[in-house]
Amino acid sequence: MNYVKLLKSINTLVVKEGELLQKALSSEDALSYHLKTNTDKDWTDVDLNTELDEKIEIDIYNNLSKEFPELGFHLEEHQDLNSNEKKFTCFIDPIDGSKYFAKKVPFFAISVGVMKGDEPILGVIYNPISNQLYSGAEGIPTTLNGIEVNVSGETNPQSAMISVDLASHKENWKSEKDWMNQKLTELINSFGKVRLLGNGALSCAWTASGGLDAFVSLWGHGSKPFDIMAGKALIKYAGGKTVDLKIPGIKQPRFIGGNAVLVDEISKILIT
């Protein structure tokens, strides 16, 4: 796989698709959206998508699958096209923050990440409203609009600002909500500023570029790996540390990203 070529193609695609989101946000017309109810024996979640979620995802898929036939795909909106039989898997989140976008709140991004086996090796996150393009891959340092960036060097938790993703009523919510709420309280007591932003992709991008000192997914992102797959690569190639932390008694790993000192500090809080 030619990472330079793949990264360049994805960068071009997301910027082009981002123009659709810019136009929709500035339009006086209301955005139509659909509610989707995901039901499991242990949890029920009402999700939301728009026509642009579906269009952007299939546009990116059609272009990449044609140019890079060695790619498999993990898609959010077109799950019938998913394939995990290839060495490389591309995770596409056409609009991370669809609930914000549908209400014309400018807090969303296009996210495309690639895994080689179980390892994130490429990530692109594009914020079309601020025109911020975060991009990086194995052997290619993470950049913001072409300028190399790094994770924060802040190591004092009391001076650090971290983003925590706590999505209620997802999988494992009923059985693990007390644990999640307890750990959120411990993080609030341990860190200078804790922000619940509700956008995994942008939280990862801002962590990679040092705007946030760390990011932790308290609910795990098990049902939505495409939200943070690109972000995992961006943090890694910005000199950061990422872990999918396995915790005794908790069903799925929790993701933590940032500099090594803060990631280790958060890991201690979650695992004790």
# chains A, B, ... in the order shown; residues from 1 in each chain; ligands from 1

$ residues_around --residues "segment 134-148 of chain A" --least-positions-apart "6" --cutoff "9 Å" --atoms "only C-alpha atoms" --output "VMD selection string"
chain A and resid 3 to 4 7 11 114 120 to 127 205 208 to 209 230 233 to 239

$ write_last_selection --atoms "N, CA and C atoms" --output "PDB file, in the first residue's frame"
ATOM      1  N   TYR A   3       1.155   4.632   1.123  1.00  0.00           N
ATOM      2  CA  TYR A   3       0.484   5.496   2.089  1.00  0.00           C
ATOM      3  C   TYR A   3       0.432   6.953   1.627  1.00  0.00           C
ATOM      4  N   VAL A   4       1.472   7.398   0.971  1.00  0.00           N
ATOM      5  CA  VAL A   4       1.507   8.788   0.492  1.00  0.00           C
ATOM      6  C   VAL A   4       0.372   9.024  -0.506  1.00  0.00           C
ATOM      7  N   LEU A   7      -3.088   8.752   1.312  1.00  0.00           N
ATOM      8  CA  LEU A   7      -3.350   9.925   2.143  1.00  0.00           C
ATOM      9  C   LEU A   7      -3.735  11.127   1.285  1.00  0.00           C
ATOM     10  N   ASN A  11      -7.299  13.066   1.496  1.00  0.00           N
ATOM     11  CA  ASN A  11      -7.321  14.503   1.772  1.00  0.00           C
ATOM     12  C   ASN A  11      -8.148  15.253   0.730  1.00  0.00           C
ATOM     13  N   VAL A 114      -7.648   4.231   8.451  1.00  0.00           N
ATOM     14  CA  VAL A 114      -7.297   2.943   7.840  1.00  0.00           C
ATOM     15  C   VAL A 114      -6.525   2.105   8.849  1.00  0.00           C
ATOM     16  N   PRO A 120      -4.142   0.872  13.677  1.00  0.00           N
ATOM     17  CA  PRO A 120      -4.437   2.080  12.891  1.00  0.00           C
ATOM     18  C   PRO A 120      -3.159   2.615  12.260  1.00  0.00           C
ATOM     19  N   ILE A 121      -3.180   2.799  10.941  1.00  0.00           N
ATOM     20  CA  ILE A 121      -1.947   3.234  10.269  1.00  0.00           C
ATOM     21  C   ILE A 121      -2.140   4.516   9.451  1.00  0.00           C
ATOM     22  N   LEU A 122      -3.352   5.041   9.401  1.00  0.00           N
ATOM     23  CA  LEU A 122      -3.590   6.273   8.631  1.00  0.00           C
ATOM     24  C   LEU A 122      -4.854   6.942   9.149  1.00  0.00           C
ATOM     25  N   GLY A 123      -4.823   8.266   9.211  1.00  0.00           N
ATOM     26  CA  GLY A 123      -6.004   8.992   9.653  1.00  0.00           C
ATOM     27  C   GLY A 123      -6.135  10.353   8.998  1.00  0.00           C
ATOM     28  N   VAL A 124      -7.369  10.706   8.667  1.00  0.00           N
ATOM     29  CA  VAL A 124      -7.693  12.036   8.150  1.00  0.00           C
ATOM     30  C   VAL A 124      -8.973  12.498   8.825  1.00  0.00           C
ATOM     31  N   ILE A 125      -8.938  13.676   9.417  1.00  0.00           N
ATOM     32  CA  ILE A 125     -10.139  14.287   9.990  1.00  0.00           C
ATOM     33  C   ILE A 125     -10.220  15.711   9.455  1.00  0.00           C
ATOM     34  N   TYR A 126     -11.375  16.041   8.900  1.00  0.00           N
ATOM     35  CA  TYR A 126     -11.537  17.370   8.289  1.00  0.00           C
ATOM     36  C   TYR A 126     -12.713  18.089   8.920  1.00  0.00           C
ATOM     37  N   ASN A 127     -12.430  19.273   9.466  1.00  0.00           N
ATOM     38  CA  ASN A 127     -13.472  20.158   9.977  1.00  0.00           C
ATOM     39  C   ASN A 127     -13.774  21.177   8.876  1.00  0.00           C
ATOM     40  N   ALA A 205      -8.601  14.801  17.064  1.00  0.00           N
ATOM     41  CA  ALA A 205      -7.819  15.728  16.236  1.00  0.00           C
ATOM     42  C   ALA A 205      -7.192  16.817  17.096  1.00  0.00           C
ATOM     43  N   ALA A 208      -4.360  15.395  19.070  1.00  0.00           N
ATOM     44  CA  ALA A 208      -3.173  15.200  18.230  1.00  0.00           C
ATOM     45  C   ALA A 208      -2.410  16.504  18.021  1.00  0.00           C
ATOM     46  N   SER A 209      -3.140  17.613  17.953  1.00  0.00           N
ATOM     47  CA  SER A 209      -2.494  18.897  17.679  1.00  0.00           C
ATOM     48  C   SER A 209      -2.179  19.688  18.944  1.00  0.00           C
ATOM     49  N   ALA A 230      -9.646   7.125  12.796  1.00  0.00           N
ATOM     50  CA  ALA A 230      -8.693   8.087  12.233  1.00  0.00           C
ATOM     51  C   ALA A 230      -7.938   8.805  13.338  1.00  0.00           C
ATOM     52  N   ALA A 233      -4.869   7.031  14.805  1.00  0.00           N
ATOM     53  CA  ALA A 233      -3.658   7.163  13.987  1.00  0.00           C
ATOM     54  C   ALA A 233      -3.058   8.558  14.120  1.00  0.00           C
ATOM     55  N   LEU A 234      -3.895   9.581  14.112  1.00  0.00           N
ATOM     56  CA  LEU A 234      -3.386  10.951  14.186  1.00  0.00           C
ATOM     57  C   LEU A 234      -2.632  11.193  15.487  1.00  0.00           C
ATOM     58  N   ILE A 235      -3.175  10.723  16.603  1.00  0.00           N
ATOM     59  CA  ILE A 235      -2.496  10.899  17.891  1.00  0.00           C
ATOM     60  C   ILE A 235      -1.169  10.149  17.895  1.00  0.00           C
ATOM     61  N   LYS A 236      -1.190   8.938  17.388  1.00  0.00           N
ATOM     62  CA  LYS A 236       0.024   8.110  17.337  1.00  0.00           C
ATOM     63  C   LYS A 236       1.128   8.789  16.550  1.00  0.00           C
ATOM     64  N   TYR A 237       0.783   9.317  15.373  1.00  0.00           N
ATOM     65  CA  TYR A 237       1.802   9.914  14.509  1.00  0.00           C
ATOM     66  C   TYR A 237       2.062  11.385  14.826  1.00  0.00           C
ATOM     67  N   ALA A 238       1.446  11.859  15.908  1.00  0.00           N
ATOM     68  CA  ALA A 238       1.786  13.176  16.448  1.00  0.00           C
ATOM     69  C   ALA A 238       2.647  13.028  17.691  1.00  0.00           C
ATOM     70  N   GLY A 239       3.218  11.845  17.869  1.00  0.00           N
ATOM     71  CA  GLY A 239       4.107  11.607  18.995  1.00  0.00           C
ATOM     72  C   GLY A 239       3.407  11.196  20.269  1.00  0.00           C
TER      73      GLY A 239
END

$ residues_around --residues "Pro94 of chain A" --least-positions-apart "5" --cutoff "6 Å" --atoms "only C-alpha atoms" --output "list in words"
Asp53, Ile56, Glu57 and Ile110 of chain A

$ write_last_selection --atoms "C-alpha atoms" --output "CSV table (one decimal), in the first residue's frame"
chain,number,residue,atom,x,y,z
A,53,ASP,CA,-24.3,11.2,5.7
A,56,ILE,CA,-20.6,11.6,1.4
A,57,GLU,CA,-20.0,8.1,2.6
A,110,ILE,CA,-15.5,14.0,8.2

$ residues_around --residues "Pro253 of chain A" --least-positions-apart "3" --cutoff "7 Å" --atoms "only C-alpha atoms" --output "list in words"
Gly220, Asp244, Leu245, Lys246 and Ile247 of chain A

$ residues_around --residues "Ser203 of chain A" --least-positions-apart "3" --cutoff "8 Å" --atoms "only C-alpha atoms" --output "JSON list (two decimals) with N, CA and C atoms, in the first residue's frame"
[["chain", "number", "residue", "atom", "x", "y", "z"],
["A", 163, "SER", "N", -10.69, 15.85, 27.18],
["A", 163, "SER", "CA", -12.05, 15.61, 26.67],
["A", 163, "SER", "C", -12.46, 14.19, 27.05],
["A", 197, "LEU", "N", -17.43, 16.92, 25.21],
["A", 197, "LEU", "CA", -17.70, 17.61, 23.95],
["A", 197, "LEU", "C", -18.68, 16.85, 23.05],
["A", 199, "ASN", "N", -17.97, 14.68, 20.65],
["A", 199, "ASN", "CA", -17.48, 14.46, 19.29],
["A", 199, "ASN", "C", -16.11, 13.80, 19.38],
["A", 200, "GLY", "N", -16.08, 12.49, 19.12],
["A", 200, "GLY", "CA", -14.85, 11.73, 19.26],
["A", 200, "GLY", "C", -13.80, 12.11, 18.23],
["A", 206, "TRP", "N", -7.97, 17.36, 18.02],
["A", 206, "TRP", "CA", -7.44, 18.43, 18.88],
["A", 206, "TRP", "C", -6.42, 17.89, 19.87],
["A", 207, "THR", "N", -6.56, 16.62, 20.25],
["A", 207, "THR", "CA", -5.53, 16.01, 21.10],
["A", 207, "THR", "C", -4.24, 15.82, 20.32],
["A", 212, "LEU", "N", -6.09, 19.90, 23.04],
["A", 212, "LEU", "CA", -6.52, 19.17, 24.24],
["A", 212, "LEU", "C", -5.33, 18.35, 24.71],
["A", 215, "PHE", "N", -7.63, 12.60, 25.53],
["A", 215, "PHE", "CA", -9.01, 12.22, 25.23],
["A", 215, "PHE", "C", -9.26, 10.82, 25.75]]

$ closest_residue --among "A:Leu52, A:Leu21, A:Ile269, A:Ile188" --to "Val105 of chain A" --atoms "only C-alpha atoms"
A:Leu21

$ select_by_dssp --residues "segment 18-231 of chain A" --states "strand (DSSP E)" --output "NGL selection string"
:A and (33-39 or 44-50 or 71-75 or 88-96 or 109-116 or 119-127 or 132-137 or 140-144 or 147-148 or 161-165 or 193-195 or 214-217)

$ atom_distance --atom1 "atom CA of Val112 of chain A" --atom2 "atom CA of Phe255 of chain A"
17.6 Å

$ residues_around --residues "Val164 of chain A" --least-positions-apart "3" --cutoff "9 Å" --atoms "only C-alpha atoms" --output "ChimeraX atom specification"
/A:184,187,194-198,200,203,214-218

$ residues_around --residues "Phe191 of chain A" --least-positions-apart "6" --cutoff "7 Å" --atoms "only C-alpha atoms" --output "ChimeraX atom specification"
/A:157-161

$ write_last_selection --atoms "C-alpha atoms" --output "PDB file, in the first residue's frame"
ATOM      1  CA  PRO A 157      -3.081  16.614  35.571  1.00  0.00           C
ATOM      2  CA  GLN A 158      -4.146  19.661  37.577  1.00  0.00           C
ATOM      3  CA  SER A 159      -3.077  21.908  34.694  1.00  0.00           C
ATOM      4  CA  ALA A 160      -4.458  19.672  31.942  1.00  0.00           C
ATOM      5  CA  MET A 161      -7.640  19.985  29.903  1.00  0.00           C
TER       6      MET A 161
END

$ select_by_dssp --residues "segment 53-191 of chain A" --states "helix (DSSP H, G or I)" --output "ChimeraX atom specification"
/A:53-67,79-81,98-102,157-159,173-190

$ atom_distance --atom1 "atom CA of Ser111 of chain A" --atom2 "atom CA of Ile92 of chain A"
6.0 Å
